[in-house]
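Participant: Structure provided below as structure tokens; questions to follow.
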Amino acid sequence: MTVTETTTNAIDAAAARLLDAERSGVACAPVRDLITGVEDAYAVQERLTLGRLAEGRRLVGRKIGLTSAAVQSQLGVHEPDFGMLYADMAVPDGAEIPVGAVLQPRAEAEVALVLEADLTHERHTVADLIRATAFVLPAIEVCGSRVRDWDITIADTVADNASSGMYVLGNRPVALGDLDLRLAGMVLERRGEPVSSGVGAACLGHPLNAAIWLADTLVRLGRPLRAGDTVLTGALGPMVAVAPGDVLEARIDGLGDVRVAFAATNPEENS
């Protein structure tokens, strides 16, 4: 068997393991025993992306992960990662997420950019990002892991669509020029009690730095950001675990607030 065949089979096996966990709702073993390195992990992610698009799911943006220097150090990486955002992952502000909709959910507050122009240059500048951004929104990303107990390395999380789950956007768009995102403070509360806090500078020094990295990376990979895309730029503070019955609200200076609830019970259990 050639190296190419071996790699292809491993990518197929890793994708199948994650897809089975997603469909069954039962977390799986890590996939790092099947693949080698980040390049293979993105190949797994792409394999799953093509399958989801073939099923009719609509790609509406990207999420950026690993924007914290501390988390990068923990996982032994030197740059962020990214995952796909689909329309059916979006949750209305204040809505409730059903039990089991996200495996092993955790939440973090972020700045979201919504684009009005394509980003197709090989190397983007801050000015390119500012011109391309229609408006900014506060966001809560509800991360999820198909990998049991969040036992992940960089290869596991990249393959698993950067541990994506669902996301919630605020409803009041704000012009980028009206904000100082570097100094924007964030507080994430659970039923009124602070559980995470941070500032825009925690996201690679500035959320736009993360967006530039993403735009450049996606052009190299042949999937550039397009007008209308939403970009979740990365956590402003520590990720927090969530449980059934939780209600989370994030406030970001200059952007306002965004809220999401988690159902206390599974409706099927009460039927």
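In the structure tokens, the first chain shown is A, the next is B, and so on; residue numbers restart at 1 for each chain, and ligands run from 1 in the order shown.
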Run DSSP on the backbone and tell me which residues of segment 94-135 of chain A come out as helix (DSSP H, G or I); list them as a ChimeraX atom specification.
Facilitator: /A:126-132
Participant: Tell me, as a ChimeraX atom specification, which residues lie within 10 Å of Leu115 of chain A, counting only C-alpha atoms; anything in the same chain fewer than 3 positions away does not count.
Facilitator: /A:61,112,118-119,129-136,225-231
Participant: Of the candidates A:Ser197, A:Gly170, A:Pro238, A:Asn209, which one gets nearest to Ala95 of chain A if we count only C-alpha atoms?
Facilitator: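 Ranking A:Ser197, A:Gly170, A:Pro238, A:Asn209 by distance to Ala95 of chain A, first place goes to A:Gly170.
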Participant: Give me the segment 103-161 of chain A side of the contact with segment 42-55 of chain A, cut-off 10 Å, one line per residue showing its nearest atom pair and distance in Å at one decimal, counting only C-alpha atoms, sorted by chain and residue number, as a Markdown table.
Facilitator:
| residue | atom | partner | partner_atom | distance |
| --- | --- | --- | --- | --- |
| A:Ala155 | CA | A:Tyr42 | CA | 8.2 |
| A:Asp156 | CA | A:Val44 | CA | 9.8 |
| A:Thr157 | CA | A:Gln45 | CA | 9.5 |
| A:Val158 | CA | A:Tyr42 | CA | 6.1 |
| A:Ala159 | CA | A:Gln45 | CA | 4.7 |
| A:Asp160 | CA | A:Gln45 | CA | 6.4 |
| A:Asn161 | CA | A:Gln45 | CA | 5.7 |
Participant: Rounded to one decimal in Å, what is the spacing between atom CA of Leu179 of chain A and atom CA of Ala250 of chain A?
Facilitator: 17.0 Å
Participant: Per residue of segment 156-196 of chain A within 9 Å of segment 63-80 of chain A, record the nearest atom pair and its distance in Å to one decimal, counting only C-alpha atoms, with rows in chain order and ascending residue number, as a tab-separated table.
Facilitator:
residue	atom	partner	partner_atom	distance
A:Ala162	CA	A:Gly65	CA	6.6
A:Ser163	CA	A:Gly65	CA	8.6
A:Ser164	CA	A:Lys63	CA	7.9
Participant: Which residue out of A:Val126, A:Val60, A:Asp40, A:Val114 has the minimum interatomic distance to Gly83 of chain A when only C-alpha atoms are used?
Facilitator: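 Of A:Val126, A:Val60, A:Asp40, A:Val114, the one nearest Gly83 of chain A, counting only C-alpha atoms, is A:Val60.
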Participant: Which residues are close to segment 259-264 of chain A, i.e. within 8 Å by only C-alpha atoms, leaving aside same-chain residues fewer than 4 positions away? Reply as a compact mmCIF listing (two decimals) with C-alpha atoms, in the first residue's frame.
Facilitator:
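part_16.txt written:
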# COMPACT_ATOMS: atom_id res chain seq x y z
CA ASP A 93 -30.48 35.81 20.49
CA GLY A 94 -32.21 34.66 23.69
CA ALA A 95 -33.32 31.32 22.29
CA GLU A 96 -32.97 27.94 23.99
CA ILE A 97 -30.66 25.18 22.81
CA PRO A 98 -32.18 21.69 23.23
CA VAL A 99 -30.47 19.10 25.39
CA ILE A 140 -21.57 33.57 22.18
CA VAL A 168 -25.55 33.14 18.91
CA GLY A 170 -26.58 39.87 19.00
CA ALA A 243 -25.21 22.36 31.87
CA PRO A 244 -28.93 21.87 31.22
CA GLY A 245 -30.89 24.79 32.66
CA ASP A 246 -28.07 27.32 32.34
CA VAL A 247 -28.72 30.81 30.99
CA LEU A 248 -25.69 32.72 29.70
CA GLU A 249 -25.42 36.39 28.83
CA ALA A 250 -22.36 38.13 27.41
Participant: Excluding Cys143 of chain A and any residue of its chain fewer than 3 positions from it, enumerate the residues within 8 Å of it, using only C-alpha atoms, and give them as a list of chain:residue names.
Facilitator: A:Val102, A:Pro105, A:Arg106, A:Ala107, A:Glu108, A:Ser163, A:Ser164, A:Gly165, A:Met166
Participant: One number please: atom CA of Gly205 of chain A to atom CA of Glu110 of chain A, in Å, one decimal.
Facilitator: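 About the pair atom CA of Gly205 of chain A and atom CA of Glu110 of chain A: they are 13.6 Å apart.
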Participant: Could you check how far atom CA of Asn171 of chain A sits from atom CA of Asp257 of chain A, in Å to one decimal?
Facilitator: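 We find that atom CA of Asn171 of chain A and atom CA of Asp257 of chain A lie 8.9 Å from each other.
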Participant: Using only C-alpha atoms, determine which residues lie at most 7 Å from Ala109 of chain A, disregarding the query and same-chain residues fewer than 5 positions distant; provide the list as an MDAnalysis selection string.
Facilitator: chainID A and resid 139:141 188 235:237 250
Participant: Using only C-alpha atoms, which of A:Thr233, A:Thr8, A:Asn266, A:Thr36 sits nearest Leu208 of chain A?
Facilitator: A:Thr233
Participant: Counting only C-alpha atoms, which residue out of A:Ala13, A:Leu255, A:Ala202, A:Ala175 sits closest to Asp33 of chain A?
Facilitator: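 The shortest atom-to-atom distance to Asp33 of chain A comes from A:Ala13.
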Participant: Here is a test: counting only C-alpha atoms, which residue of A:Asp20, A:Asp88, A:Asp12, A:Glu122 is nearest to Arg220 of chain A?
Facilitator: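 Among the listed residues, the smallest separation from Arg220 of chain A belongs to A:Glu122.
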Participant: Could you pull the residues within 8 Å of Ile252 of chain A, counting only C-alpha atoms, minus those fewer than 4 positions along the same chain, as a PDB file with N, CA and C atoms, in the first residue's frame?
Facilitator:
ATOM      1  N   PRO A 138     -21.902  41.300  19.012  1.00  0.00           N
ATOM      2  CA  PRO A 138     -21.439  40.426  20.094  1.00  0.00           C
ATOM      3  C   PRO A 138     -21.901  39.000  19.813  1.00  0.00           C
ATOM      4  N   ALA A 184     -11.944  46.665  24.346  1.00  0.00           N
ATOM      5  CA  ALA A 184     -13.333  46.321  24.684  1.00  0.00           C
ATOM      6  C   ALA A 184     -13.375  45.225  25.745  1.00  0.00           C
ATOM      7  N   GLY A 185     -13.962  45.531  26.888  1.00  0.00           N
ATOM      8  CA  GLY A 185     -14.076  44.551  27.958  1.00  0.00           C
ATOM      9  C   GLY A 185     -15.255  43.627  27.754  1.00  0.00           C
ATOM     10  N   MET A 186     -15.132  42.404  28.230  1.00  0.00           N
ATOM     11  CA  MET A 186     -16.196  41.408  28.102  1.00  0.00           C
ATOM     12  C   MET A 186     -16.459  40.751  29.458  1.00  0.00           C
ATOM     13  N   VAL A 187     -17.738  40.537  29.751  1.00  0.00           N
ATOM     14  CA  VAL A 187     -18.140  39.750  30.910  1.00  0.00           C
ATOM     15  C   VAL A 187     -19.180  38.738  30.443  1.00  0.00           C
ATOM     16  N   GLY A 256     -22.858  45.837  23.261  1.00  0.00           N
ATOM     17  CA  GLY A 256     -24.089  45.418  23.908  1.00  0.00           C
ATOM     18  C   GLY A 256     -24.019  43.981  24.378  1.00  0.00           C
ATOM     19  N   ASP A 257     -25.173  43.331  24.413  1.00  0.00           N
ATOM     20  CA  ASP A 257     -25.231  41.993  25.002  1.00  0.00           C
ATOM     21  C   ASP A 257     -25.853  40.978  24.064  1.00  0.00           C
TER      22      ASP A 257
END
Participant: Please identify the strand (DSSP E or B) residues within segment 47-138 of chain A (assignment by DSSP from backbone atoms) and present them as a ChimeraX atom specification.
Facilitator: /A:59-65,81-86,90-91,96-97,106-115,119,133-138
Participant: Next, dump the selected residues to file, keeping only C-alpha atoms, as a PDB file, in the first residue's frame.
Facilitator:
ATOM      1  CA  LEU A  59     -21.857  27.584   4.666  1.00  0.00           C
ATOM      2  CA  VAL A  60     -22.251  31.065   6.214  1.00  0.00           C
ATOM      3  CA  GLY A  61     -18.829  31.810   7.679  1.00  0.00           C
ATOM      4  CA  ARG A  62     -15.953  30.593   9.810  1.00  0.00           C
ATOM      5  CA  LYS A  63     -14.945  30.434  13.444  1.00  0.00           C
ATOM      6  CA  ILE A  64     -11.413  31.053  14.668  1.00  0.00           C
ATOM      7  CA  GLY A  65     -10.087  29.050  17.580  1.00  0.00           C
ATOM      8  CA  ASP A  81      -7.174  27.149  13.828  1.00  0.00           C
ATOM      9  CA  PHE A  82     -10.527  27.528  12.084  1.00  0.00           C
ATOM     10  CA  GLY A  83     -13.777  25.698  11.477  1.00  0.00           C
ATOM     11  CA  MET A  84     -16.849  26.088   9.304  1.00  0.00           C
ATOM     12  CA  LEU A  85     -20.063  27.847  10.330  1.00  0.00           C
ATOM     13  CA  TYR A  86     -23.293  26.540   8.821  1.00  0.00           C
ATOM     14  CA  ALA A  90     -27.014  29.794  14.237  1.00  0.00           C
ATOM     15  CA  VAL A  91     -29.274  30.280  17.268  1.00  0.00           C
ATOM     16  CA  GLU A  96     -32.972  27.937  23.987  1.00  0.00           C
ATOM     17  CA  ILE A  97     -30.664  25.178  22.811  1.00  0.00           C
ATOM     18  CA  ARG A 106     -18.839  24.830  26.504  1.00  0.00           C
ATOM     19  CA  ALA A 107     -19.316  28.532  25.856  1.00  0.00           C
ATOM     20  CA  GLU A 108     -17.193  31.589  25.216  1.00  0.00           C
ATOM     21  CA  ALA A 109     -17.902  35.212  24.326  1.00  0.00           C
ATOM     22  CA  GLU A 110     -16.505  36.650  21.107  1.00  0.00           C
ATOM     23  CA  VAL A 111     -16.589  39.508  18.626  1.00  0.00           C
ATOM     24  CA  ALA A 112     -18.298  38.628  15.338  1.00  0.00           C
ATOM     25  CA  LEU A 113     -17.559  40.394  12.053  1.00  0.00           C
ATOM     26  CA  VAL A 114     -20.097  40.331   9.211  1.00  0.00           C
ATOM     27  CA  LEU A 115     -18.524  41.018   5.815  1.00  0.00           C
ATOM     28  CA  LEU A 119     -11.435  38.853   0.918  1.00  0.00           C
ATOM     29  CA  THR A 133     -16.562  44.624   7.374  1.00  0.00           C
ATOM     30  CA  ALA A 134     -20.199  45.688   7.174  1.00  0.00           C
ATOM     31  CA  PHE A 135     -20.768  45.635  10.938  1.00  0.00           C
ATOM     32  CA  VAL A 136     -19.796  43.991  14.208  1.00  0.00           C
ATOM     33  CA  LEU A 137     -21.922  41.983  16.675  1.00  0.00           C
ATOM     34  CA  PRO A 138     -21.439  40.426  20.094  1.00  0.00           C
TER      35      PRO A 138
END
